[in-house]
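Working notes, beginning with the structure itself.
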4 protein chains.
Amino acid sequence: MSKQKRLRVAVIGTGRIGRLHAEHLAFRIPDAQLVALADVNIQSAREVAERLNVPADRVYEDYRKILNSADIDAVVICSSTDTHSTIIEEAAKAGKQIFCEKPIDNELAKIDRALAAVKKAGVKLQIGFNRRFDPNFRHVYETVQKGGVGDVHILRITSRDPEPPPVDYVSSGMFLDMTIHDFDMARYLSGSEVKRVFAVAGALVDPRFADVGDVDTAVITLEFENGAFGTIDNSRKAVYGYDQRVEVFGTKGVISAENNTPHRAVFGSVDGFSHPLPLNFFMDRYVESYIEELRQFVDCVLRDTEPPVTGHDGRVPVLIAMAASRSLKEGRAVALSEVAEPVLV
Amino acid sequence: MSKQKRLRVAVIGTGRIGRLHAEHLAFRIPDAQLVALADVNIQSAREVAERLNVPADRVYEDYRKILNSADIDAVVICSSTDTHSTIIEEAAKAGKQIFCEKPIDNELAKIDRALAAVKKAGVKLQIGFNRRFDPNFRHVYETVQKGGVGDVHILRITSRDPEPPPVDYVSSGMFLDMTIHDFDMARYLSGSEVKRVFAVAGALVDPRFADVGDVDTAVITLEFENGAFGTIDNSRKAVYGYDQRVEVFGTKGVISAENNTPHRAVFGSVDGFSHPLPLNFFMDRYVESYIEELRQFVDCVLRDTEPPVTGHDGRVPVLIAMAASRSLKEGRAVALSEVAEPVLV
Amino acid sequence: MSKQKRLRVAVIGTGRIGRLHAEHLAFRIPDAQLVALADVNIQSAREVAERLNVPADRVYEDYRKILNSADIDAVVICSSTDTHSTIIEEAAKAGKQIFCEKPIDNELAKIDRALAAVKKAGVKLQIGFNRRFDPNFRHVYETVQKGGVGDVHILRITSRDPEPPPVDYVSSGMFLDMTIHDFDMARYLSGSEVKRVFAVAGALVDPRFADVGDVDTAVITLEFENGAFGTIDNSRKAVYGYDQRVEVFGTKGVISAENNTPHRAVFGSVDGFSHPLPLNFFMDRYVESYIEELRQFVDCVLRDTEPPVTGHDGRVPVLIAMAASRSLKEGRAVALSEVAEPVLV
Amino acid sequence: MSKQKRLRVAVIGTGRIGRLHAEHLAFRIPDAQLVALADVNIQSAREVAERLNVPADRVYEDYRKILNSADIDAVVICSSTDTHSTIIEEAAKAGKQIFCEKPIDNELAKIDRALAAVKKAGVKLQIGFNRRFDPNFRHVYETVQKGGVGDVHILRITSRDPEPPPVDYVSSGMFLDMTIHDFDMARYLSGSEVKRVFAVAGALVDPRFADVGDVDTAVITLEFENGAFGTIDNSRKAVYGYDQRVEVFGTKGVISAENNTPHRAVFGSVDGFSHPLPLNFFMDRYVESYIEELRQFVDCVLRDTEPPVTGHDGRVPVLIAMAASRSLKEGRAVALSEVAEPVLV
């Protein structure tokens, strides 16, 4: 492939996840070229630029400079969640192809407005549900899609963080912040939409979560349109590390994915046989998925195909999280239709 | 130990499970002596007697002959469920020590009458929740009891049968018939009582279960008195065999139990690495637990200690099953207190 | 099956392994009847007899009483190794069916005389290589026999004891005492005869083994008649327990067997995921194999078929051990033909 | 770190492994800068240069142009084995820091001359035994070094290729070509030098290997200076994929490393539970090790420390392979001292 065909991409927001995407665009995705960076903290953007060989004159404080640059094909939005929907709207109007970190927003109205702008502009929008691109979960998905487990009856997701976020971290609540990935996985792996949700939860890890109206431990039941059932269990703190497992059970069999570990060495002594802990940091655990999701985004733009995670895929998990919150409050199963009429985008 | 100290035991009901217990008493439990058998199908009892060297004149059609025999210390009740509570009452009055298969009964009133009779007579009653004696689950239990996982936060039980029962099998419904073991496990492993239950379920394996008002697939959420949460998933048909796994997650760690397999050989070829299926038949899977529960019953009688599974332990899972049934009907979480005031026996 | 068809068996030698066989004959093998016991330590025999309901008048100090009893069909020889060949000869002359613990003897001449006596008398002789009946190794064997791994190229055996024998234990040396089981496994699993042996070894666990001319650690290479190669590694002391693993690698795949554990529970904490140690005591690890070998012995007598482990199978591993000893001394590969011309019995 | 401190590296030889190293230097090792390329096939070098942004005027047919460039700090030698020792000598004289693919050469005299040149020039030389940097083996090594297994008694290495090399591939024989990695691992993991070697081998996979005097299947016994024993088994063709496992057993325990797999998903059906095959291609299996070895090379030059794999480490495995070849021929254990007096460089 000659160089002029590479997709020219800019990253907006150079925090932890923005740096990661920028590095992947610079070094790991041959069909992309990292051409510009923006961050309200210009110093952060400059540091990233120097390390990744982005010219100093393509580093901006104001992301609109990027939207106004004719030589930029696509933007990767990694700014704070409350800015996502606005930047999506503006980028769409500017005709840029868009990759946006999850969630699109925590308010349905803002999500719907952003999706409408994307639709109108005819640009592509991919949402950063990176776990869909993890080799483990991808293999589970493919096995289910090929009919390996037959009709899906039961879906189990265990998703536990190694540590809760700092107390002063501005969270939208565990369901919107953490479980939202599991809600996405539930739809992705089951191949069906969620119909009804039931949640129980509490602040068992740290009572301060209760003080701010949040929870840190939950068990959530899902009923799917196709009749299957799902169960998700969450904890904000698993002392043994980042625990991310799924299982899909059906009429022909079962497929499950275990955790990744830093190595495959096993130690035996008088105390038992000791296997390594899971990879503890989400950026280590999911590193391949972050590369692959961007690679597929670049690919879908260059080939003009459907993005693998659409705006609709970004919207529905927010709905499920809202239903889970209401279920928790009311002690009953809540249908998605009670929260909002699903809109097909 | 001299022979006169062996506990003299009779088995009432020589169907599948009665035969198993009789064989264990005859050959596997040195402190017990199998001295008599009874079954309404006298021919069945005679066959068992011949094989196990029980004298022909100690084989009865009417179990009351056993209750009236002064030289019999204890009875193992393996007759049909609807006869359990009556035989318990009569055996208690006759001063026999009692081991009774689960469930005691499906009606609370009959259970409570039987437990009252046992209390009044001052005899021992052990209920046949054999899984508590399985080496895997026992190790999980002991780890939790020793504080290995710290405070329990999440309990997960997967319990799937290899095949649904025959269509004409008279079942009390999946919750009372199959899930009742999981309800017992939930109390046993969490070390806490269940406070509230939420169930979703359907007839996904075979629609004929729906025709008789039953289900074959379920996901059940439990809230425990100590604040922990539990999730049970059930299926009447796992094509890969009898699937019985548990996991207890807490502040200090996690303990889980995998399935038992007939061997530990692994085969690798171009098609992947193939591990053996779980032991498929519950009598193979739990054979050690059946021996151990009877051994402990014999032991608690000989040493005059508390039975490891009390009448109360037999009663509560029936309550949980009732709450699960009501939850399923009403689409909401149901508190155990709504079903019946728990009685401490 | 009516009672008169049960095989009437006596056990000669009621030490550890004799008691085990006696108990299995009494309780676990329906087609056998334990009718008599003998031991030079008559008190030991009496204790076993009382526990297993053998009449007091069928307990002997002199095993010849058993050989002279017309109502005894078969003997299980569990006396000390140096008495095996003589008792086999006498039992054969007395027309008894014979099960004999391994090894037959440590001297080829005595083995050959015993096998000749058996042949002449036309009785059956089965040698107690119990590991052939272990479900793990049996599954490996069957997979190889069915052609699952194709042509065998490499065989790997790891065989490590949890503890060395006491210093004053009269051993014939590690190869004849411990590795002999692995030599049997090598023939059994590869489906081929051993052609040449090379051994390296030392006293790494305890230098006192060197003082008595023995070793406690070894690596042994085998060349098979069919061209395959094998490697055995031995240690007298594995701190993590009894380690018994095999692997057969061939043109179509690989089959291996892992250790058995007392349970299948896994504990995860900040220190890693801990799996249980192997079953530590050979009588626990191989309990099923001990029952199964006797069951098949009883069966081969009752049905008049070939014993599953013949006298020839008892003789060859002694030859291999002799070749290994010579190889160790001479630092070169030693052919079995150098040690003795194999005799087909 | 400011840019002027990055190590300026050229790659000589742009075949499969040269391209890999070049890509890692360009994108994955921040402290290095890929500045030039050379290959006798200039077209190959040009293609790599274009992809990795190396200026066209820094691509050479003759590697001496690189040695003569004052602005180049270090060379990575990936040309054919027969050119290694000459290029090492010339690069040393030119004062370049040297990373050289294994083996240095197949002739001791040429190895020794190259090592002498390096010593005289006072430059660094690191040999490409990449497996030392694999996270699995590295963890095994560290556990042994920390005394986790106590004194090492037994070392087991299984090393099997997925496919034999093409018939017309110019090999130095399996021991020098493939087993040499295992000989390096043996020294690395045991922490001891090899004293004596015994090998059995044959052409079981493909008789054509015998036609050219080579083998494709082997079992090799090692005796170490510290008294430990080792066993290596090799096959040129494992149908289930690239099989690379090690185990180190000692007085305090055992540490082993299993194969890496492309994912951690397990599928259960009526046919058993199927785990994924190992990563099949050595560049996938060892990708992290290739990056890490170069990272450490760059680091040892920048910090002026000892290379993690020295010229001596490159020389000894060649000696072991020579001893193995002689053992195979002569049917006896061969001491390394018989092959050549080890020279400490």
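Labels for the structure tokens follow display order: chains A, B, ..., residues from 1 in each chain, ligands from 1.
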With 10 Å as the limit and counting only C-alpha atoms, what residues in chain D lie close to chain A? Please list them as a PyMOL selection string.
chain D and resi 1-3+23-24+26-28+30+50-52+134-140+143+148-149+245-274
With N, CA and C atoms kept, could you save the residues just selected as a short mmCIF file (atom, residue, chain, number, x, y, z; two decimals), in the first residue's frame?
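And here is the file that came out, out03.cif:
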data_model
loop_
_atom_site.label_atom_id
_atom_site.label_comp_id
_atom_site.auth_asym_id
_atom_site.auth_seq_id
_atom_site.Cartn_x
_atom_site.Cartn_y
_atom_site.Cartn_z
N MET D 1 13.40 11.23 28.11
CA MET D 1 14.75 11.08 27.51
C MET D 1 14.81 11.90 26.22
N SER D 2 15.86 12.70 26.06
CA SER D 2 15.95 13.52 24.85
C SER D 2 16.45 12.65 23.70
N LYS D 3 16.18 13.09 22.47
CA LYS D 3 16.40 12.23 21.32
C LYS D 3 17.86 11.88 21.06
N GLU D 23 11.76 -3.90 12.57
CA GLU D 23 10.46 -3.33 12.95
C GLU D 23 10.44 -2.98 14.44
N HIS D 24 11.00 -3.87 15.25
CA HIS D 24 11.03 -3.60 16.69
C HIS D 24 11.88 -2.36 16.99
N ALA D 26 12.38 0.10 15.04
CA ALA D 26 11.69 1.29 14.51
C ALA D 26 10.52 1.72 15.39
N PHE D 27 9.76 0.74 15.91
CA PHE D 27 8.48 1.08 16.55
C PHE D 27 8.34 0.71 18.01
N ARG D 28 9.12 -0.27 18.48
CA ARG D 28 8.81 -0.80 19.80
C ARG D 28 9.85 -0.52 20.87
N PRO D 30 11.80 2.47 22.36
CA PRO D 30 11.93 3.94 22.35
C PRO D 30 13.38 4.43 22.41
N GLU D 50 11.42 1.25 3.20
CA GLU D 50 10.27 2.08 2.88
C GLU D 50 9.19 1.96 3.96
N ARG D 51 8.95 0.74 4.35
CA ARG D 51 7.89 0.50 5.34
C ARG D 51 8.24 1.11 6.70
N LEU D 52 9.53 1.14 7.01
CA LEU D 52 9.94 1.57 8.35
C LEU D 52 10.55 2.97 8.37
N ASP D 134 11.60 -14.73 27.09
CA ASP D 134 10.18 -15.09 27.09
C ASP D 134 9.65 -14.98 28.52
N PRO D 135 8.48 -14.34 28.71
CA PRO D 135 7.96 -14.15 30.08
C PRO D 135 7.80 -15.47 30.85
N ASN D 136 7.40 -16.54 30.18
CA ASN D 136 7.24 -17.83 30.86
C ASN D 136 8.58 -18.34 31.38
N PHE D 137 9.55 -18.44 30.49
CA PHE D 137 10.84 -19.01 30.86
C PHE D 137 11.58 -18.06 31.82
N ARG D 138 11.39 -16.77 31.58
CA ARG D 138 12.01 -15.80 32.47
C ARG D 138 11.49 -15.99 33.91
N HIS D 139 10.19 -16.24 34.03
CA HIS D 139 9.64 -16.46 35.37
C HIS D 139 10.18 -17.74 36.00
N VAL D 140 10.35 -18.78 35.18
CA VAL D 140 10.94 -20.03 35.68
C VAL D 140 12.36 -19.75 36.16
N THR D 143 12.44 -17.78 39.41
CA THR D 143 12.04 -18.60 40.56
C THR D 143 13.20 -19.49 40.99
N GLY D 148 13.55 -20.66 44.80
CA GLY D 148 12.19 -21.17 44.98
C GLY D 148 12.09 -22.69 44.93
N VAL D 149 12.87 -23.31 44.08
CA VAL D 149 12.80 -24.79 44.01
C VAL D 149 13.95 -25.42 44.80
N ARG D 245 7.84 -26.50 26.39
CA ARG D 245 7.58 -26.55 27.84
C ARG D 245 8.85 -26.88 28.60
N VAL D 246 8.97 -26.37 29.79
CA VAL D 246 10.12 -26.70 30.64
C VAL D 246 9.62 -26.98 32.06
N GLU D 247 10.42 -27.71 32.80
CA GLU D 247 10.12 -27.96 34.22
C GLU D 247 11.44 -28.07 34.97
N VAL D 248 11.53 -27.38 36.10
CA VAL D 248 12.71 -27.48 36.96
C VAL D 248 12.24 -27.98 38.32
N PHE D 249 12.81 -29.10 38.72
CA PHE D 249 12.41 -29.77 39.96
C PHE D 249 13.57 -29.76 40.94
N GLY D 250 13.28 -29.40 42.18
CA GLY D 250 14.36 -29.35 43.17
C GLY D 250 13.89 -29.71 44.56
N THR D 251 14.74 -29.44 45.52
CA THR D 251 14.48 -29.87 46.90
C THR D 251 13.30 -29.15 47.54
N LYS D 252 12.95 -27.97 47.03
CA LYS D 252 11.86 -27.22 47.66
C LYS D 252 10.60 -27.16 46.82
N GLY D 253 10.67 -27.62 45.59
CA GLY D 253 9.47 -27.55 44.78
C GLY D 253 9.77 -27.72 43.31
N VAL D 254 8.80 -27.34 42.52
CA VAL D 254 8.89 -27.52 41.08
C VAL D 254 8.30 -26.30 40.40
N ILE D 255 8.92 -25.86 39.31
CA ILE D 255 8.36 -24.75 38.54
C ILE D 255 8.33 -25.18 37.08
N SER D 256 7.19 -24.96 36.44
CA SER D 256 7.10 -25.39 35.05
C SER D 256 6.40 -24.31 34.24
N ALA D 257 6.60 -24.35 32.94
CA ALA D 257 5.96 -23.38 32.06
C ALA D 257 5.20 -24.11 30.96
N GLU D 258 3.94 -23.73 30.82
CA GLU D 258 3.10 -24.31 29.79
C GLU D 258 3.17 -23.49 28.50
N ASN D 259 2.56 -24.00 27.46
CA ASN D 259 2.54 -23.29 26.18
C ASN D 259 1.62 -22.07 26.22
N ASN D 260 1.93 -21.10 25.37
CA ASN D 260 1.03 -19.97 25.15
C ASN D 260 0.00 -20.32 24.09
N THR D 261 -1.17 -19.76 24.23
CA THR D 261 -2.25 -20.03 23.29
C THR D 261 -2.79 -18.71 22.75
N PRO D 262 -3.42 -18.74 21.58
CA PRO D 262 -3.90 -17.47 21.00
C PRO D 262 -5.02 -16.84 21.82
N HIS D 263 -5.72 -17.63 22.59
CA HIS D 263 -6.79 -17.09 23.45
C HIS D 263 -7.00 -18.04 24.61
N ARG D 264 -7.89 -17.68 25.52
CA ARG D 264 -8.13 -18.49 26.71
C ARG D 264 -9.57 -19.00 26.77
N ALA D 265 -10.13 -19.22 25.61
CA ALA D 265 -11.52 -19.70 25.58
C ALA D 265 -11.54 -21.22 25.54
N VAL D 266 -12.49 -21.81 26.26
CA VAL D 266 -12.63 -23.26 26.35
C VAL D 266 -14.03 -23.63 25.90
N PHE D 267 -14.11 -24.62 25.03
CA PHE D 267 -15.40 -25.02 24.48
C PHE D 267 -15.77 -26.42 24.97
N GLY D 268 -16.96 -26.54 25.54
CA GLY D 268 -17.43 -27.84 26.01
C GLY D 268 -18.62 -28.31 25.21
N SER D 269 -18.57 -29.55 24.77
CA SER D 269 -19.70 -30.13 24.04
C SER D 269 -19.76 -31.62 24.39
N VAL D 270 -20.57 -32.36 23.70
CA VAL D 270 -20.63 -33.79 23.97
C VAL D 270 -19.30 -34.48 23.74
N ASP D 271 -18.41 -33.83 23.00
CA ASP D 271 -17.13 -34.45 22.67
C ASP D 271 -16.01 -34.16 23.67
N GLY D 272 -16.29 -33.42 24.72
CA GLY D 272 -15.25 -33.08 25.69
C GLY D 272 -15.05 -31.59 25.77
N PHE D 273 -14.10 -31.18 26.60
CA PHE D 273 -13.79 -29.77 26.73
C PHE D 273 -12.54 -29.47 25.94
N SER D 274 -12.63 -28.54 25.01
CA SER D 274 -11.55 -28.30 24.08
C SER D 274 -10.85 -26.98 24.38
#
When you look at region 76-91 of chain A with a cut-off of 10 Å (counting only C-alpha atoms), what residues show up, excluding the ones that are within fewer than 4 positions of it in the same chain? I need them as a PyMOL selection string.
chain A and resi 9-19+21-22+37-40+63-64+66-68+95-107+109-118+121+123+125-128+172+294+297
Mind dumping the selected residues with C-alpha atoms as a CSV table (one decimal), in the first residue's frame?
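Saved file again-v2.csv follows:
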chain,number,residue,atom,x,y,z
A,9,VAL,CA,-6.0,10.7,12.0
A,10,ALA,CA,-6.0,13.2,14.9
A,11,VAL,CA,-6.5,12.4,18.5
A,12,ILE,CA,-8.6,14.7,20.7
A,13,GLY,CA,-7.8,14.4,24.4
A,14,THR,CA,-4.4,13.1,25.4
A,15,GLY,CA,-5.1,11.6,28.8
A,16,ARG,CA,-4.4,8.0,29.6
A,17,ILE,CA,-6.6,6.4,26.9
A,18,GLY,CA,-5.8,9.1,24.3
A,19,ARG,CA,-2.1,8.5,24.6
A,21,HIS,CA,-4.7,5.4,20.9
A,22,ALA,CA,-2.1,7.9,19.7
A,37,LEU,CA,-3.2,16.1,18.6
A,38,ALA,CA,-5.4,18.4,20.8
A,39,ASP,CA,-5.9,18.7,24.5
A,40,VAL,CA,-7.2,21.5,26.7
A,63,TYR,CA,-10.0,20.7,19.0
A,64,ARG,CA,-11.8,22.9,16.5
A,66,ILE,CA,-8.5,19.8,14.0
A,67,LEU,CA,-12.0,19.9,12.8
A,68,ASN,CA,-11.1,22.8,10.5
A,95,GLY,CA,-17.3,15.7,7.6
A,96,LYS,CA,-14.8,13.9,9.8
A,97,GLN,CA,-14.9,10.1,10.4
A,98,ILE,CA,-15.4,9.6,14.1
A,99,PHE,CA,-14.1,7.1,16.7
A,100,CYS,CA,-15.4,8.0,20.1
A,101,GLU,CA,-14.6,6.5,23.5
A,102,LYS,CA,-17.5,5.0,25.5
A,103,PRO,CA,-19.9,6.1,26.7
A,104,ILE,CA,-21.3,8.6,24.2
A,105,ASP,CA,-22.9,10.4,27.0
A,106,ASN,CA,-25.0,9.6,30.1
A,107,GLU,CA,-28.1,11.4,28.9
A,109,ALA,CA,-31.2,13.2,24.7
A,110,LYS,CA,-27.6,14.2,24.1
A,111,ILE,CA,-26.8,10.7,22.7
A,112,ASP,CA,-29.8,10.9,20.3
A,113,ARG,CA,-28.8,14.3,19.1
A,114,ALA,CA,-25.2,13.2,18.4
A,115,LEU,CA,-26.4,10.1,16.5
A,116,ALA,CA,-28.8,12.2,14.5
A,117,ALA,CA,-25.9,14.5,13.5
A,118,VAL,CA,-23.8,11.6,12.4
A,121,ALA,CA,-23.6,14.0,7.8
A,123,VAL,CA,-20.0,10.0,8.3
A,125,LEU,CA,-19.1,6.6,14.0
A,126,GLN,CA,-17.5,3.8,16.0
A,127,ILE,CA,-17.8,3.6,19.8
A,128,GLY,CA,-14.8,2.3,21.8
A,172,SER,CA,-21.7,8.4,36.7
A,294,LEU,CA,-8.6,1.1,15.9
A,297,PHE,CA,-12.0,1.6,12.5
As a PyMOL selection string, please: every residue in region 226-322 of chain B that DSSP puts in alpha helix (DSSP H).
chain B and resi 282-285+287-302+311-322
For N, CA, C and O atoms, I'd like the residues from the last selection saved as a CSV table (one decimal), in the first residue's frame.
chain,number,residue,atom,x,y,z
B,282,PHE,N,-25.1,-38.5,38.8
B,282,PHE,CA,-25.0,-37.9,40.1
B,282,PHE,C,-24.5,-38.9,41.1
B,282,PHE,O,-23.8,-38.5,42.1
B,283,MET,N,-24.7,-40.2,40.9
B,283,MET,CA,-24.3,-41.2,41.9
B,283,MET,C,-22.7,-41.4,41.8
B,283,MET,O,-22.1,-41.8,42.7
B,284,ASP,N,-22.2,-41.2,40.6
B,284,ASP,CA,-20.8,-41.2,40.4
B,284,ASP,C,-20.1,-39.9,40.9
B,284,ASP,O,-19.2,-40.0,41.7
B,285,ARG,N,-20.7,-38.8,40.5
B,285,ARG,CA,-20.2,-37.5,40.9
B,285,ARG,C,-20.1,-37.3,42.4
B,285,ARG,O,-19.2,-36.8,43.0
B,287,VAL,N,-20.5,-39.8,44.8
B,287,VAL,CA,-20.4,-41.1,45.6
B,287,VAL,C,-19.7,-40.9,46.9
B,287,VAL,O,-20.2,-41.4,47.9
B,288,GLU,N,-18.7,-40.2,47.0
B,288,GLU,CA,-18.0,-40.0,48.3
B,288,GLU,C,-18.9,-39.2,49.3
B,288,GLU,O,-18.8,-39.5,50.5
B,289,SER,N,-19.6,-38.3,48.7
B,289,SER,CA,-20.5,-37.5,49.6
B,289,SER,C,-21.6,-38.4,50.3
B,289,SER,O,-22.0,-38.2,51.4
B,290,TYR,N,-22.1,-39.4,49.5
B,290,TYR,CA,-23.1,-40.2,50.1
B,290,TYR,C,-22.6,-41.1,51.2
B,290,TYR,O,-23.2,-41.4,52.2
B,291,ILE,N,-21.3,-41.6,51.0
B,291,ILE,CA,-20.7,-42.4,52.1
B,291,ILE,C,-20.5,-41.5,53.3
B,291,ILE,O,-20.8,-41.8,54.4
B,292,GLU,N,-19.9,-40.3,53.0
B,292,GLU,CA,-19.5,-39.4,54.1
B,292,GLU,C,-20.7,-38.9,54.9
B,292,GLU,O,-20.6,-38.8,56.2
B,293,GLU,N,-21.8,-38.6,54.3
B,293,GLU,CA,-23.0,-38.1,55.1
B,293,GLU,C,-23.5,-39.2,56.0
B,293,GLU,O,-23.8,-38.9,57.2
B,294,LEU,N,-23.5,-40.4,55.5
B,294,LEU,CA,-24.0,-41.5,56.4
B,294,LEU,C,-23.0,-41.8,57.5
B,294,LEU,O,-23.4,-42.1,58.6
B,295,ARG,N,-21.7,-41.8,57.2
B,295,ARG,CA,-20.7,-42.0,58.2
B,295,ARG,C,-20.8,-40.9,59.3
B,295,ARG,O,-20.7,-41.3,60.5
B,296,GLN,N,-21.1,-39.7,58.9
B,296,GLN,CA,-21.2,-38.6,59.9
B,296,GLN,C,-22.5,-38.8,60.7
B,296,GLN,O,-22.6,-38.5,61.9
B,297,PHE,N,-23.6,-39.3,60.0
B,297,PHE,CA,-24.8,-39.6,60.7
B,297,PHE,C,-24.6,-40.6,61.8
B,297,PHE,O,-25.0,-40.5,63.0
B,298,VAL,N,-24.0,-41.7,61.4
B,298,VAL,CA,-23.7,-42.8,62.4
B,298,VAL,C,-22.8,-42.3,63.5
B,298,VAL,O,-23.1,-42.6,64.7
B,299,ASP,N,-21.9,-41.5,63.2
B,299,ASP,CA,-21.0,-40.9,64.1
B,299,ASP,C,-21.7,-40.0,65.1
B,299,ASP,O,-21.5,-40.0,66.3
B,300,CYS,N,-22.6,-39.1,64.6
B,300,CYS,CA,-23.3,-38.2,65.5
B,300,CYS,C,-24.2,-38.9,66.5
B,300,CYS,O,-24.4,-38.5,67.6
B,301,VAL,N,-24.7,-40.1,66.0
B,301,VAL,CA,-25.6,-40.9,66.9
B,301,VAL,C,-24.7,-41.5,68.0
B,301,VAL,O,-25.0,-41.5,69.2
B,302,LEU,N,-23.6,-42.2,67.5
B,302,LEU,CA,-22.8,-42.9,68.5
B,302,LEU,C,-22.1,-42.0,69.5
B,302,LEU,O,-21.9,-42.4,70.6
B,311,GLY,N,-32.9,-30.7,60.9
B,311,GLY,CA,-34.2,-30.5,60.3
B,311,GLY,C,-34.5,-29.1,59.8
B,311,GLY,O,-35.1,-28.9,58.8
B,312,HIS,N,-33.9,-28.1,60.6
B,312,HIS,CA,-34.0,-26.7,60.1
B,312,HIS,C,-33.3,-26.5,58.8
B,312,HIS,O,-33.9,-25.9,57.9
B,313,ASP,N,-32.2,-27.2,58.6
B,313,ASP,CA,-31.5,-27.1,57.3
B,313,ASP,C,-32.3,-27.8,56.2
B,313,ASP,O,-32.1,-27.5,55.0
B,314,GLY,N,-33.2,-28.7,56.6
B,314,GLY,CA,-34.1,-29.3,55.6
B,314,GLY,C,-35.3,-28.4,55.3
B,314,GLY,O,-35.8,-28.5,54.2
B,315,ARG,N,-35.7,-27.6,56.2
B,315,ARG,CA,-36.9,-26.8,56.0
B,315,ARG,C,-36.6,-25.5,55.2
B,315,ARG,O,-37.4,-25.2,54.4
B,316,VAL,N,-35.5,-24.9,55.5
B,316,VAL,CA,-35.3,-23.5,54.9
B,316,VAL,C,-35.2,-23.6,53.4
B,316,VAL,O,-35.9,-22.7,52.7
B,317,PRO,N,-34.5,-24.5,52.8
B,317,PRO,CA,-34.5,-24.5,51.3
B,317,PRO,C,-35.9,-24.6,50.7
B,317,PRO,O,-36.1,-24.1,49.5
B,318,VAL,N,-36.8,-25.3,51.3
B,318,VAL,CA,-38.2,-25.4,50.8
B,318,VAL,C,-38.8,-24.0,50.8
B,318,VAL,O,-39.5,-23.6,49.8
B,319,LEU,N,-38.5,-23.2,51.9
B,319,LEU,CA,-39.0,-21.8,51.9
B,319,LEU,C,-38.4,-21.0,50.8
B,319,LEU,O,-39.1,-20.2,50.1
B,320,ILE,N,-37.1,-21.2,50.5
B,320,ILE,CA,-36.5,-20.4,49.4
B,320,ILE,C,-37.1,-20.7,48.1
B,320,ILE,O,-37.4,-19.9,47.3
B,321,ALA,N,-37.4,-22.0,47.9
B,321,ALA,CA,-38.0,-22.5,46.7
B,321,ALA,C,-39.4,-21.8,46.5
B,321,ALA,O,-39.8,-21.4,45.4
B,322,MET,N,-40.1,-21.7,47.6
B,322,MET,CA,-41.4,-21.1,47.5
B,322,MET,C,-41.3,-19.7,47.2
B,322,MET,O,-42.1,-19.1,46.4
Proximity to Phe209 (chain D) - best of D:Val167, D:Leu176, D:Ala94, D:Val197, only C-alpha atoms
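Among D:Val167, D:Leu176, D:Ala94, D:Val197, it is D:Val167 that comes nearest to Phe209 (chain D).
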Could you go through region 131-298 of chain C and tell me which residues DSSP, when run on the backbone, assigns to strand (DSSP E or B), listing them as a ChimeraX atom specification?
/C:152-160,194-202,217-224,229-235,243-250,254-257,265-269,272-275
With only C-alpha atoms as the basis for distance, which of D:Leu155, D:Ala199, D:Ala335, D:Ala36 is at the shortest distance from Ala74 (chain D)?
D:Ala36
re CA of Val339 (chain A) and CA of Val194 (chain A): distance 12.4 Å
Residue contacts of region 234-236 of chain A (7 Å, only C-alpha atoms) excluding same-chain residues fewer than 6 positions away, as a count of residues only
11
